[in-house]
Amino acid sequence: MNKNLFKISPGYEEIMPAEYLDLINDGPYGKNYGVDDLGTFKELLEEHPLCAGCGLALSMRLILASLPNPEDTIIVGSTGCSALAFPQVAVQNIHSLFGNQNAVATGLKRALKLRFPDKIKDVVVVAGDGATVDIGLDMVMHSWFRKENITTIMLDNEAYANTGGQESGMSQEKAVLNMAPTGKKFPKIALPEVAQAAGCAYVGEVSPLQAKRLGKMVRNAILIAREIGPTYLQLYSPCPTNYKFKSNETMQKIKDRVKDGTFKVKEYITPEAEQFLAGIEEGKK
Amino acid sequence: MIEQKVMDPQQLFFEAERQEVFITGSEIVKEAVKRANVDIAISYPITPQSESMHLVGDLYAEGYVKEYFRGESEFAVMSEVIGAAMAGVRVFTATGGQGALRAFENFPNWSGSRLPLVCAFMTRGLNAPLSIQPDTLEMAFMLDTGMIILHAEAAQDIYDMLLKAFIIAEKTDVHIPVGVFMDGFFVTHTRDKVKITPAEFKLPPYEPYSSPIPVMDMENVPFRHMRDPFVMKSNFISYAAHASWQQEVLAAAERSRRYIQQYLGGLVEKENENADILIITSGTAVSQSQEAIAMAQQEGIDVGLVKIKCIRPFPTAEIQQLAANAKAIIVPEFNRVGWMCRELKSVIEDNTKVVGGPRVFGGMTMPPEMILDEIRRCTQ
C-alpha cells in the first residue's frame, strides 16, 4: 500500500474522526508490530460489536496484531459473528457469502499475483467453524488441494453462534445445543488432520490463552503461505453467550479444556516449510 | 503472452475489417474471448457449456488469457470469479442449466458487489427428470438477479454480445455483471457463418480504478468492500442503507440502456413492425419465427417480428410502442413456463392480445409450422 494515500489533506486534520487520525499516526502499517506491542499502537480493529467476553473477538485482535504485512493484507471473511466486527477492521476485507470464503480468496490471490507480480499481497481467510468445516468445507479443502497461497484461520467457537447457538461440525460430541436437542451424535471434526492430509504446509491449533504462541503461529502461517503453500490455523475461541458461562470465564474455559485433555496446542509443519522458516531466521542474523 | 494490439472498442466493433468464418457457437466463444483481453477465466464442466471453456483453456495455453483453472463446482467457480474481479482484473466464465442454478446464490451477490463479470450461459433443461437438452427455463430464475441479460439468437450475436458485454459491464456508471445467454446445442453445437475481427487486435485492458467501489488490493484506503455494519442492525438507517444500495444496482442497469443502444444498436430489433400480427421473442425462437413468417407470407398473411436482445433491463418503452397497434402478439418460447410471455404481458397495456405460445421444452425443436398454426389462428 502506498501510505501517501492514507494521509489527510492539510487543513482537514481537525475534522477527521479521532480513531482515523490514530490509525494514521500510530497504526501498525509498515511497523512490524506483534502481540507484545499491543497497547502501544492503534489496533486495526476499532472497538467491536461482539459480546462481552467473546473468545472470538480476542482471537481476532491477536490475529490482527500479528499480521506480518498489514499494509498489504486482504482478509476474506464469511457470515457469522466475525462478520459483525470486520467492517470495523482497517485492512481491506471482503464478506461475500456464507461458506465461499476460500473460493473468493483463491480468485483474489491469483488476480493479485497477476497485478502485482513483484509485490507481496497476503490473502488471509478468517471465518468461523460453521463457515469453514460445514457449509464451506469443499471449497476450503479444494483450496488446499490446489495448493493456493492462502492462509485459512478458523475462529472455532464450537457452534453457530450468530444464529443462536446451533450445533456445528466442530461442537464436541454429546454437546446439547440448538438443533442437537439430545446431544451431538458424532465427534468434533478433526480438521487439522484433514488439513495435513489435504496438503497444508503448516497446520496449528492454539487459543488466545497462549497469546504469544498464537501470534507466532499466525505469522508463521502467513509467511509459509506466501512461498510454500496453503496453511491452516484453528483458534479455539469459546462463546460465553451460547455456551452460557460468564463473560469473565472465557480463559478459564480454555484452561478447563486443557486440563481435561480436550484441547491442546498443536503444530505441524512440513520439512520444506520448516527449512523456509529457518531461512528467514538465518536472514535476520 | 501473445502480443496483440489494443484497439479502441468503438473501432473494433464497428470499423475493423471482418472476415467470415464458418464455425460452431462454442468456437465463437473462443474467438470472442481471444480478442477480449481477459485476465482470468475459471471453468467447470457442464453440457452443453464445457466445450467453450475447453477452448478458452486452449487460449490460456496459447497465451491469450493470463490465468485459467478448473474450479471444484459451479458454486465455487462463481465465487472464485468474485475474488478475482474484486482484485481488479477482467474475468470470464460460463455455465448453463443445472450449473447456473447450483451457483445461483452468487448471481445477486455479483450485482450487489458491483462486479463487471461476464458470464456465458448455455441454456439447458433443469432436472428432474435428468435432461441435458436445450431449454431456456433457467432464464426465468435469472431475471431478478440484478444482472444485465443479453440473449443471443445465433453465432454472430454470441461474438458481438460477448465482446461488447465487457465494455458495457465495465462502464463506471454501470459496473454490474452481464450474462450472455445462448440456447444450448441449437447455437453452441451448430456451425454458422460469423464475421469476426482480426485476432491481432484486442480490447483495451480493464482499468481497476474505474470501479465505483474500492478495489480489494490494499492500494487504496483500507476499507471493507461494503460498509455494512449498520446494515446488520435493526433500525431505519440500516434498512434505508440496504434499500438505497439495491436501488443503485437497479439504477446501474437502467444506465446501461444508452450503452446497449450505442454498442448493440438497441435492446430490440424489428422488421415489418406495423403488421397486425407481431411475433415478439428472443434467442433461437427468433430464427424459427423468421421461417414461420416466410411461410405465412406465401399464404398472404402479413406478420412482423420483434427480436428482444436485452431482457434486463427490459425494453419496456420499445415494447409498449411496438405493441400499441398490433392486433395479436405471438410469443414462441423454448420453455414450459413462458417467462417471456409473462414479461410482455406485464408491460403491454392491452395484454389480452398476447398469445402465450407455442412453447416447446425438454429438448424439443420448434418446427416453424407450430408458429404458423398460431399465426393462422390469429387471423380468424
# chains A, B, ... in the order shown; residues from 1 in each chain; ligands from 1
call {"tool": "interface_residues", "arguments": {"of": "chain A", "to": "chain B", "cutoff": "9 Å", "atoms": "only C-alpha atoms", "output": "ChimeraX atom specification"}}
result
/A:1-3,5-6,71-74,83-97,100-112,114-115,121,138-139,142
call {"tool": "residues_around", "arguments": {"residues": "Ile280 (chain B)", "least_positions_apart": "2", "cutoff": "9 Å", "atoms": "only C-alpha atoms", "output": "list in words"}}
result
Leu278, Ser282, Val286, Ser289, Gly304, Leu305, Val306, Lys307, Ile308, Ile319, Ile329, Ile330, Val331, Pro332, Met340, Cys341 and Leu344 of chain B
call {"tool": "write_last_selection", "arguments": {"atoms": "N, CA and C atoms", "output": "short mmCIF file (atom, residue, chain, number, x, y, z; two decimals), in the first residue's frame"}}
result
data_model
loop_
_atom_site.label_atom_id
_atom_site.label_comp_id
_atom_site.auth_asym_id
_atom_site.auth_seq_id
_atom_site.Cartn_x
_atom_site.Cartn_y
_atom_site.Cartn_z
N LEU B 278 -47.88 -9.59 -34.69
CA LEU B 278 -46.45 -9.45 -34.35
C LEU B 278 -45.99 -10.70 -33.61
N SER B 282 -37.16 -14.02 -28.20
CA SER B 282 -35.70 -13.85 -28.12
C SER B 282 -35.03 -15.19 -28.39
N VAL B 286 -36.41 -16.70 -32.34
CA VAL B 286 -36.48 -15.65 -33.36
C VAL B 286 -36.23 -16.27 -34.74
N SER B 289 -39.11 -18.20 -35.85
CA SER B 289 -40.21 -17.30 -36.20
C SER B 289 -40.03 -16.73 -37.61
N GLY B 304 -45.22 -9.32 -38.53
CA GLY B 304 -43.99 -8.60 -38.16
C GLY B 304 -43.23 -9.35 -37.07
N LEU B 305 -41.96 -8.93 -36.87
CA LEU B 305 -41.12 -9.65 -35.90
C LEU B 305 -40.35 -8.67 -35.03
N VAL B 306 -40.37 -8.90 -33.74
CA VAL B 306 -39.54 -8.13 -32.82
C VAL B 306 -38.62 -9.10 -32.08
N LYS B 307 -37.32 -8.86 -32.24
CA LYS B 307 -36.34 -9.69 -31.55
C LYS B 307 -35.84 -8.91 -30.34
N ILE B 308 -36.04 -9.48 -29.16
CA ILE B 308 -35.54 -8.82 -27.95
C ILE B 308 -34.12 -9.31 -27.70
N ILE B 319 -41.33 -1.93 -26.33
CA ILE B 319 -42.39 -2.94 -26.50
C ILE B 319 -43.77 -2.27 -26.45
N ILE B 329 -50.29 -10.66 -30.63
CA ILE B 329 -48.85 -10.80 -30.39
C ILE B 329 -48.57 -12.25 -30.00
N ILE B 330 -47.74 -12.90 -30.80
CA ILE B 330 -47.42 -14.31 -30.57
C ILE B 330 -46.05 -14.40 -29.91
N VAL B 331 -45.93 -15.25 -28.90
CA VAL B 331 -44.67 -15.33 -28.14
C VAL B 331 -44.18 -16.79 -28.10
N PRO B 332 -43.45 -17.21 -29.13
CA PRO B 332 -42.92 -18.59 -29.10
C PRO B 332 -41.76 -18.70 -28.11
N MET B 340 -41.05 -15.25 -21.02
CA MET B 340 -41.06 -14.08 -21.91
C MET B 340 -42.48 -13.55 -22.08
N CYS B 341 -43.42 -14.48 -22.16
CA CYS B 341 -44.83 -14.09 -22.27
C CYS B 341 -45.25 -13.29 -21.03
N LEU B 344 -43.83 -9.81 -21.21
CA LEU B 344 -44.52 -8.96 -22.17
C LEU B 344 -45.89 -8.55 -21.64
#
call {"tool": "atom_distance", "arguments": {"atom1": "CA of Met141 (chain A)", "atom2": "CA of Gln196 (chain A)"}}
result
10.5 Å
call {"tool": "residues_around", "arguments": {"residues": "Glu318 (chain B)", "least_positions_apart": "5", "cutoff": "9 Å", "atoms": "only C-alpha atoms", "output": "JSON, numbers by chain"}}
result
{"B": [267, 268, 323]}
call {"tool": "residues_around", "arguments": {"residues": "region 130-143 of chain B", "least_positions_apart": "3", "cutoff": "10 Å", "atoms": "only C-alpha atoms", "output": "PyMOL selection string"}}
result
chain B and resi 46-48+96-101+104+107-108+121-127+146-149+151+179+181-187+283+311-314+333-340+342-343+360-365
call {"tool": "write_last_selection", "arguments": {"atoms": "N, CA and C atoms", "output": "compact mmCIF listing (two decimals), in the first residue's frame"}}
result
# COMPACT_ATOMS: atom_id res chain seq x y z
N ILE B 46 -20.03 -28.55 -17.65
CA ILE B 46 -21.43 -28.96 -17.74
C ILE B 46 -21.83 -28.88 -19.20
N THR B 47 -22.48 -29.92 -19.67
CA THR B 47 -23.00 -29.91 -21.04
C THR B 47 -24.18 -28.93 -21.08
N PRO B 48 -24.31 -28.12 -22.09
CA PRO B 48 -23.54 -28.00 -23.33
C PRO B 48 -22.47 -26.91 -23.30
N GLY B 96 -24.36 -23.19 -17.37
CA GLY B 96 -25.67 -23.37 -18.00
C GLY B 96 -26.53 -24.33 -17.21
N GLY B 97 -27.84 -24.17 -17.35
CA GLY B 97 -28.81 -25.11 -16.80
C GLY B 97 -28.62 -25.37 -15.33
N GLN B 98 -28.42 -26.65 -15.00
CA GLN B 98 -28.23 -27.05 -13.60
C GLN B 98 -27.09 -26.29 -12.96
N GLY B 99 -26.05 -26.04 -13.74
CA GLY B 99 -24.88 -25.34 -13.21
C GLY B 99 -25.23 -23.94 -12.77
N ALA B 100 -26.08 -23.28 -13.56
CA ALA B 100 -26.50 -21.92 -13.20
C ALA B 100 -27.26 -21.94 -11.89
N LEU B 101 -28.14 -22.94 -11.75
CA LEU B 101 -28.91 -22.99 -10.50
C LEU B 101 -28.06 -23.40 -9.32
N PHE B 104 -26.47 -20.36 -8.03
CA PHE B 104 -27.41 -19.24 -8.05
C PHE B 104 -27.16 -18.16 -7.00
N PHE B 107 -25.22 -15.00 -7.99
CA PHE B 107 -25.56 -14.00 -9.01
C PHE B 107 -26.06 -12.68 -8.44
N PRO B 108 -27.04 -12.71 -7.52
CA PRO B 108 -27.39 -11.41 -6.92
C PRO B 108 -26.22 -10.81 -6.13
N PHE B 121 -24.02 -18.09 -20.57
CA PHE B 121 -24.94 -19.13 -20.11
C PHE B 121 -25.42 -19.91 -21.33
N MET B 122 -25.02 -21.20 -21.40
CA MET B 122 -25.50 -22.04 -22.48
C MET B 122 -26.67 -22.83 -21.89
N THR B 123 -27.86 -22.43 -22.26
CA THR B 123 -29.03 -22.92 -21.53
C THR B 123 -29.31 -24.40 -21.78
N ARG B 124 -29.85 -25.05 -20.75
CA ARG B 124 -30.29 -26.44 -20.88
C ARG B 124 -31.43 -26.69 -19.90
N GLY B 125 -32.10 -27.80 -20.07
CA GLY B 125 -33.23 -28.12 -19.21
C GLY B 125 -32.80 -28.36 -17.77
N LEU B 126 -33.78 -28.27 -16.86
CA LEU B 126 -33.49 -28.47 -15.44
C LEU B 126 -34.09 -29.80 -14.98
N ASN B 127 -33.38 -30.49 -14.10
CA ASN B 127 -33.88 -31.75 -13.53
C ASN B 127 -35.00 -31.44 -12.54
N GLY B 146 -30.39 -8.96 -10.84
CA GLY B 146 -29.71 -7.67 -10.95
C GLY B 146 -28.72 -7.60 -12.10
N MET B 147 -28.50 -8.74 -12.78
CA MET B 147 -27.56 -8.75 -13.90
C MET B 147 -28.20 -8.14 -15.14
N ILE B 148 -27.35 -7.66 -16.04
CA ILE B 148 -27.80 -7.33 -17.39
C ILE B 148 -27.90 -8.67 -18.14
N ILE B 149 -29.00 -8.88 -18.84
CA ILE B 149 -29.22 -10.16 -19.52
C ILE B 149 -29.38 -9.94 -21.02
N HIS B 151 -29.57 -11.91 -24.79
CA HIS B 151 -29.93 -13.23 -25.32
C HIS B 151 -29.53 -13.29 -26.79
N GLY B 179 -24.81 -11.25 -18.20
CA GLY B 179 -24.97 -12.64 -18.63
C GLY B 179 -25.31 -12.64 -20.11
N PHE B 181 -26.68 -14.99 -22.74
CA PHE B 181 -27.37 -16.28 -22.82
C PHE B 181 -27.44 -16.74 -24.27
N MET B 182 -27.27 -18.05 -24.44
CA MET B 182 -27.40 -18.63 -25.78
C MET B 182 -28.03 -20.00 -25.63
N ASP B 183 -28.87 -20.36 -26.58
CA ASP B 183 -29.62 -21.61 -26.46
C ASP B 183 -28.67 -22.78 -26.68
N GLY B 184 -28.53 -23.60 -25.65
CA GLY B 184 -27.61 -24.73 -25.70
C GLY B 184 -27.89 -25.62 -26.90
N PHE B 185 -26.86 -26.19 -27.46
CA PHE B 185 -26.91 -27.08 -28.63
C PHE B 185 -27.35 -26.36 -29.90
N PHE B 186 -28.53 -25.69 -29.84
CA PHE B 186 -29.04 -25.07 -31.07
C PHE B 186 -28.03 -24.09 -31.65
N VAL B 187 -27.37 -23.33 -30.78
CA VAL B 187 -26.33 -22.42 -31.31
C VAL B 187 -24.92 -22.80 -30.86
N GLY B 283 -33.71 -15.16 -28.59
CA GLY B 283 -32.95 -16.39 -28.80
C GLY B 283 -33.29 -17.09 -30.10
N ILE B 311 -32.86 -8.47 -22.19
CA ILE B 311 -34.04 -8.78 -21.38
C ILE B 311 -33.98 -8.06 -20.03
N ARG B 312 -32.76 -7.78 -19.56
CA ARG B 312 -32.58 -6.92 -18.38
C ARG B 312 -31.45 -5.96 -18.69
N PRO B 313 -31.73 -4.66 -18.68
CA PRO B 313 -33.02 -4.04 -18.44
C PRO B 313 -34.01 -4.41 -19.56
N PHE B 314 -35.29 -4.38 -19.24
CA PHE B 314 -36.30 -4.80 -20.22
C PHE B 314 -36.69 -3.62 -21.11
N GLU B 333 -41.71 -19.79 -27.34
CA GLU B 333 -40.65 -19.93 -26.34
C GLU B 333 -40.17 -21.37 -26.21
N PHE B 334 -38.91 -21.49 -25.83
CA PHE B 334 -38.31 -22.80 -25.59
C PHE B 334 -38.30 -23.15 -24.09
N ASN B 335 -39.43 -23.01 -23.44
CA ASN B 335 -39.54 -23.41 -22.03
C ASN B 335 -41.00 -23.56 -21.69
N ARG B 336 -41.28 -24.25 -20.58
CA ARG B 336 -42.69 -24.55 -20.27
C ARG B 336 -43.40 -23.43 -19.54
N VAL B 337 -42.62 -22.54 -18.85
CA VAL B 337 -43.27 -21.54 -18.01
C VAL B 337 -43.68 -20.28 -18.77
N GLY B 338 -43.09 -20.06 -19.92
CA GLY B 338 -43.44 -18.87 -20.69
C GLY B 338 -43.06 -17.57 -20.01
N TRP B 339 -41.79 -17.52 -19.58
CA TRP B 339 -41.36 -16.31 -18.86
C TRP B 339 -41.36 -15.08 -19.75
N MET B 340 -41.05 -15.25 -21.02
CA MET B 340 -41.06 -14.08 -21.91
C MET B 340 -42.48 -13.55 -22.08
N ARG B 342 -44.84 -13.77 -19.85
CA ARG B 342 -45.16 -13.05 -18.61
C ARG B 342 -44.58 -11.64 -18.62
N GLU B 343 -43.32 -11.57 -19.07
CA GLU B 343 -42.65 -10.26 -19.13
C GLU B 343 -43.44 -9.31 -20.03
N VAL B 360 -42.16 -25.14 -26.59
CA VAL B 360 -41.61 -26.49 -26.59
C VAL B 360 -40.57 -26.56 -25.48
N PHE B 361 -40.33 -27.75 -24.99
CA PHE B 361 -39.37 -27.87 -23.89
C PHE B 361 -38.90 -29.31 -23.76
N GLY B 362 -37.93 -29.49 -22.87
CA GLY B 362 -37.38 -30.83 -22.68
C GLY B 362 -36.43 -31.21 -23.80
N GLY B 363 -36.03 -30.23 -24.62
CA GLY B 363 -35.07 -30.52 -25.68
C GLY B 363 -35.69 -30.51 -27.06
N MET B 364 -37.00 -30.37 -27.12
CA MET B 364 -37.65 -30.43 -28.44
C MET B 364 -37.30 -29.23 -29.30
N THR B 365 -37.29 -29.47 -30.59
CA THR B 365 -37.15 -28.36 -31.54
C THR B 365 -38.52 -27.73 -31.74
call {"tool": "select_by_dssp", "arguments": {"residues": "region 12-238 of chain A", "states": "strand (DSSP E)", "output": "count of residues only"}}
result
30
call {"tool": "atom_distance", "arguments": {"atom1": "CA of Ile23 (chain B)", "atom2": "CA of Ala61 (chain B)"}}
result
20.7 Å
call {"tool": "decode", "arguments": {"residues": "region 350-376 of chain B", "atoms": "N, CA, C and O atoms", "output": "PDB file, in the first residue's frame"}}
result
ATOM      1  N   ASP B 350     -52.904  -3.525 -23.339  1.00  0.00           N
ATOM      2  CA  ASP B 350     -53.995  -4.480 -23.577  1.00  0.00           C
ATOM      3  C   ASP B 350     -53.369  -5.858 -23.764  1.00  0.00           C
ATOM      4  O   ASP B 350     -53.102  -6.284 -24.886  1.00  0.00           O
ATOM      5  N   ASN B 351     -53.139  -6.539 -22.650  1.00  0.00           N
ATOM      6  CA  ASN B 351     -52.379  -7.791 -22.778  1.00  0.00           C
ATOM      7  C   ASN B 351     -53.261  -8.988 -23.120  1.00  0.00           C
ATOM      8  O   ASN B 351     -52.784 -10.112 -23.190  1.00  0.00           O
ATOM      9  N   THR B 352     -54.555  -8.720 -23.383  1.00  0.00           N
ATOM     10  CA  THR B 352     -55.397  -9.843 -23.825  1.00  0.00           C
ATOM     11  C   THR B 352     -55.015 -10.280 -25.240  1.00  0.00           C
ATOM     12  O   THR B 352     -55.358 -11.382 -25.659  1.00  0.00           O
ATOM     13  N   LYS B 353     -54.305  -9.405 -25.945  1.00  0.00           N
ATOM     14  CA  LYS B 353     -53.929  -9.787 -27.317  1.00  0.00           C
ATOM     15  C   LYS B 353     -52.620 -10.577 -27.370  1.00  0.00           C
ATOM     16  O   LYS B 353     -52.159 -10.949 -28.445  1.00  0.00           O
ATOM     17  N   VAL B 354     -52.029 -10.808 -26.203  1.00  0.00           N
ATOM     18  CA  VAL B 354     -50.786 -11.587 -26.178  1.00  0.00           C
ATOM     19  C   VAL B 354     -51.123 -13.081 -26.145  1.00  0.00           C
ATOM     20  O   VAL B 354     -51.821 -13.548 -25.247  1.00  0.00           O
ATOM     21  N   VAL B 355     -50.615 -13.795 -27.149  1.00  0.00           N
ATOM     22  CA  VAL B 355     -50.840 -15.241 -27.225  1.00  0.00           C
ATOM     23  C   VAL B 355     -49.622 -15.941 -26.617  1.00  0.00           C
ATOM     24  O   VAL B 355     -48.514 -15.790 -27.101  1.00  0.00           O
ATOM     25  N   GLY B 356     -49.843 -16.665 -25.543  1.00  0.00           N
ATOM     26  CA  GLY B 356     -48.716 -17.374 -24.904  1.00  0.00           C
ATOM     27  C   GLY B 356     -48.417 -18.658 -25.648  1.00  0.00           C
ATOM     28  O   GLY B 356     -49.157 -19.619 -25.563  1.00  0.00           O
ATOM     29  N   GLY B 357     -47.360 -18.661 -26.400  1.00  0.00           N
ATOM     30  CA  GLY B 357     -47.002 -19.886 -27.106  1.00  0.00           C
ATOM     31  C   GLY B 357     -46.804 -19.628 -28.583  1.00  0.00           C
ATOM     32  O   GLY B 357     -46.962 -18.503 -29.025  1.00  0.00           O
ATOM     33  N   PRO B 358     -46.397 -20.619 -29.352  1.00  0.00           N
ATOM     34  CA  PRO B 358     -46.216 -22.003 -28.909  1.00  0.00           C
ATOM     35  C   PRO B 358     -44.983 -22.176 -28.005  1.00  0.00           C
ATOM     36  O   PRO B 358     -44.068 -21.378 -28.077  1.00  0.00           O
ATOM     37  N   ARG B 359     -45.038 -23.194 -27.178  1.00  0.00           N
ATOM     38  CA  ARG B 359     -43.890 -23.499 -26.315  1.00  0.00           C
ATOM     39  C   ARG B 359     -43.462 -24.942 -26.508  1.00  0.00           C
ATOM     40  O   ARG B 359     -44.302 -25.833 -26.564  1.00  0.00           O
ATOM     41  N   VAL B 360     -42.158 -25.135 -26.589  1.00  0.00           N
ATOM     42  CA  VAL B 360     -41.606 -26.494 -26.591  1.00  0.00           C
ATOM     43  C   VAL B 360     -40.569 -26.560 -25.480  1.00  0.00           C
ATOM     44  O   VAL B 360     -40.016 -25.536 -25.087  1.00  0.00           O
ATOM     45  N   PHE B 361     -40.332 -27.755 -24.986  1.00  0.00           N
ATOM     46  CA  PHE B 361     -39.371 -27.874 -23.891  1.00  0.00           C
ATOM     47  C   PHE B 361     -38.896 -29.309 -23.763  1.00  0.00           C
ATOM     48  O   PHE B 361     -39.377 -30.196 -24.476  1.00  0.00           O
ATOM     49  N   GLY B 362     -37.928 -29.486 -22.871  1.00  0.00           N
ATOM     50  CA  GLY B 362     -37.384 -30.834 -22.684  1.00  0.00           C
ATOM     51  C   GLY B 362     -36.426 -31.213 -23.804  1.00  0.00           C
ATOM     52  O   GLY B 362     -36.035 -32.366 -23.928  1.00  0.00           O
ATOM     53  N   GLY B 363     -36.025 -30.235 -24.616  1.00  0.00           N
ATOM     54  CA  GLY B 363     -35.074 -30.519 -25.678  1.00  0.00           C
ATOM     55  C   GLY B 363     -35.685 -30.512 -27.061  1.00  0.00           C
ATOM     56  O   GLY B 363     -34.983 -30.647 -28.060  1.00  0.00           O
ATOM     57  N   MET B 364     -37.002 -30.370 -27.124  1.00  0.00           N
ATOM     58  CA  MET B 364     -37.647 -30.431 -28.441  1.00  0.00           C
ATOM     59  C   MET B 364     -37.299 -29.232 -29.303  1.00  0.00           C
ATOM     60  O   MET B 364     -37.054 -28.144 -28.797  1.00  0.00           O
ATOM     61  N   THR B 365     -37.294 -29.469 -30.593  1.00  0.00           N
ATOM     62  CA  THR B 365     -37.148 -28.362 -31.535  1.00  0.00           C
ATOM     63  C   THR B 365     -38.521 -27.727 -31.738  1.00  0.00           C
ATOM     64  O   THR B 365     -39.534 -28.296 -31.342  1.00  0.00           O
ATOM     65  N   MET B 366     -38.514 -26.554 -32.336  1.00  0.00           N
ATOM     66  CA  MET B 366     -39.777 -25.866 -32.582  1.00  0.00           C
ATOM     67  C   MET B 366     -39.991 -25.739 -34.088  1.00  0.00           C
ATOM     68  O   MET B 366     -39.453 -24.824 -34.709  1.00  0.00           O
ATOM     69  N   PRO B 367     -40.737 -26.647 -34.685  1.00  0.00           N
ATOM     70  CA  PRO B 367     -40.952 -26.552 -36.128  1.00  0.00           C
ATOM     71  C   PRO B 367     -41.683 -25.251 -36.454  1.00  0.00           C
ATOM     72  O   PRO B 367     -42.615 -24.883 -35.724  1.00  0.00           O
ATOM     73  N   PRO B 368     -41.265 -24.554 -37.510  1.00  0.00           N
ATOM     74  CA  PRO B 368     -41.946 -23.296 -37.870  1.00  0.00           C
ATOM     75  C   PRO B 368     -43.449 -23.501 -38.066  1.00  0.00           C
ATOM     76  O   PRO B 368     -44.235 -22.576 -37.844  1.00  0.00           O
ATOM     77  N   GLU B 369     -43.841 -24.712 -38.424  1.00  0.00           N
ATOM     78  CA  GLU B 369     -45.274 -24.992 -38.627  1.00  0.00           C
ATOM     79  C   GLU B 369     -46.084 -24.735 -37.351  1.00  0.00           C
ATOM     80  O   GLU B 369     -47.248 -24.352 -37.405  1.00  0.00           O
ATOM     81  N   MET B 370     -45.474 -24.983 -36.197  1.00  0.00           N
ATOM     82  CA  MET B 370     -46.179 -24.723 -34.932  1.00  0.00           C
ATOM     83  C   MET B 370     -46.496 -23.243 -34.793  1.00  0.00           C
ATOM     84  O   MET B 370     -47.574 -22.864 -34.335  1.00  0.00           O
ATOM     85  N   ILE B 371     -45.524 -22.422 -35.175  1.00  0.00           N
ATOM     86  CA  ILE B 371     -45.734 -20.969 -35.089  1.00  0.00           C
ATOM     87  C   ILE B 371     -46.736 -20.543 -36.155  1.00  0.00           C
ATOM     88  O   ILE B 371     -47.613 -19.709 -35.908  1.00  0.00           O
ATOM     89  N   LEU B 372     -46.620 -21.175 -37.334  1.00  0.00           N
ATOM     90  CA  LEU B 372     -47.533 -20.857 -38.435  1.00  0.00           C
ATOM     91  C   LEU B 372     -48.984 -21.157 -38.031  1.00  0.00           C
ATOM     92  O   LEU B 372     -49.894 -20.369 -38.327  1.00  0.00           O
ATOM     93  N   ASP B 373     -49.181 -22.275 -37.326  1.00  0.00           N
ATOM     94  CA  ASP B 373     -50.532 -22.611 -36.846  1.00  0.00           C
ATOM     95  C   ASP B 373     -51.082 -21.485 -35.975  1.00  0.00           C
ATOM     96  O   ASP B 373     -52.252 -21.106 -36.075  1.00  0.00           O
ATOM     97  N   GLU B 374     -50.214 -20.949 -35.121  1.00  0.00           N
ATOM     98  CA  GLU B 374     -50.624 -19.870 -34.223  1.00  0.00           C
ATOM     99  C   GLU B 374     -50.962 -18.619 -35.027  1.00  0.00           C
ATOM    100  O   GLU B 374     -51.941 -17.923 -34.728  1.00  0.00           O
ATOM    101  N   ILE B 375     -50.146 -18.363 -36.051  1.00  0.00           N
ATOM    102  CA  ILE B 375     -50.385 -17.188 -36.910  1.00  0.00           C
ATOM    103  C   ILE B 375     -51.762 -17.324 -37.578  1.00  0.00           C
ATOM    104  O   ILE B 375     -52.559 -16.385 -37.592  1.00  0.00           O
ATOM    105  N   ARG B 376     -52.021 -18.524 -38.101  1.00  0.00           N
ATOM    106  CA  ARG B 376     -53.316 -18.756 -38.789  1.00  0.00           C
ATOM    107  C   ARG B 376     -54.488 -18.530 -37.834  1.00  0.00           C
ATOM    108  O   ARG B 376     -55.484 -17.907 -38.183  1.00  0.00           O
TER     109      ARG B 376
END
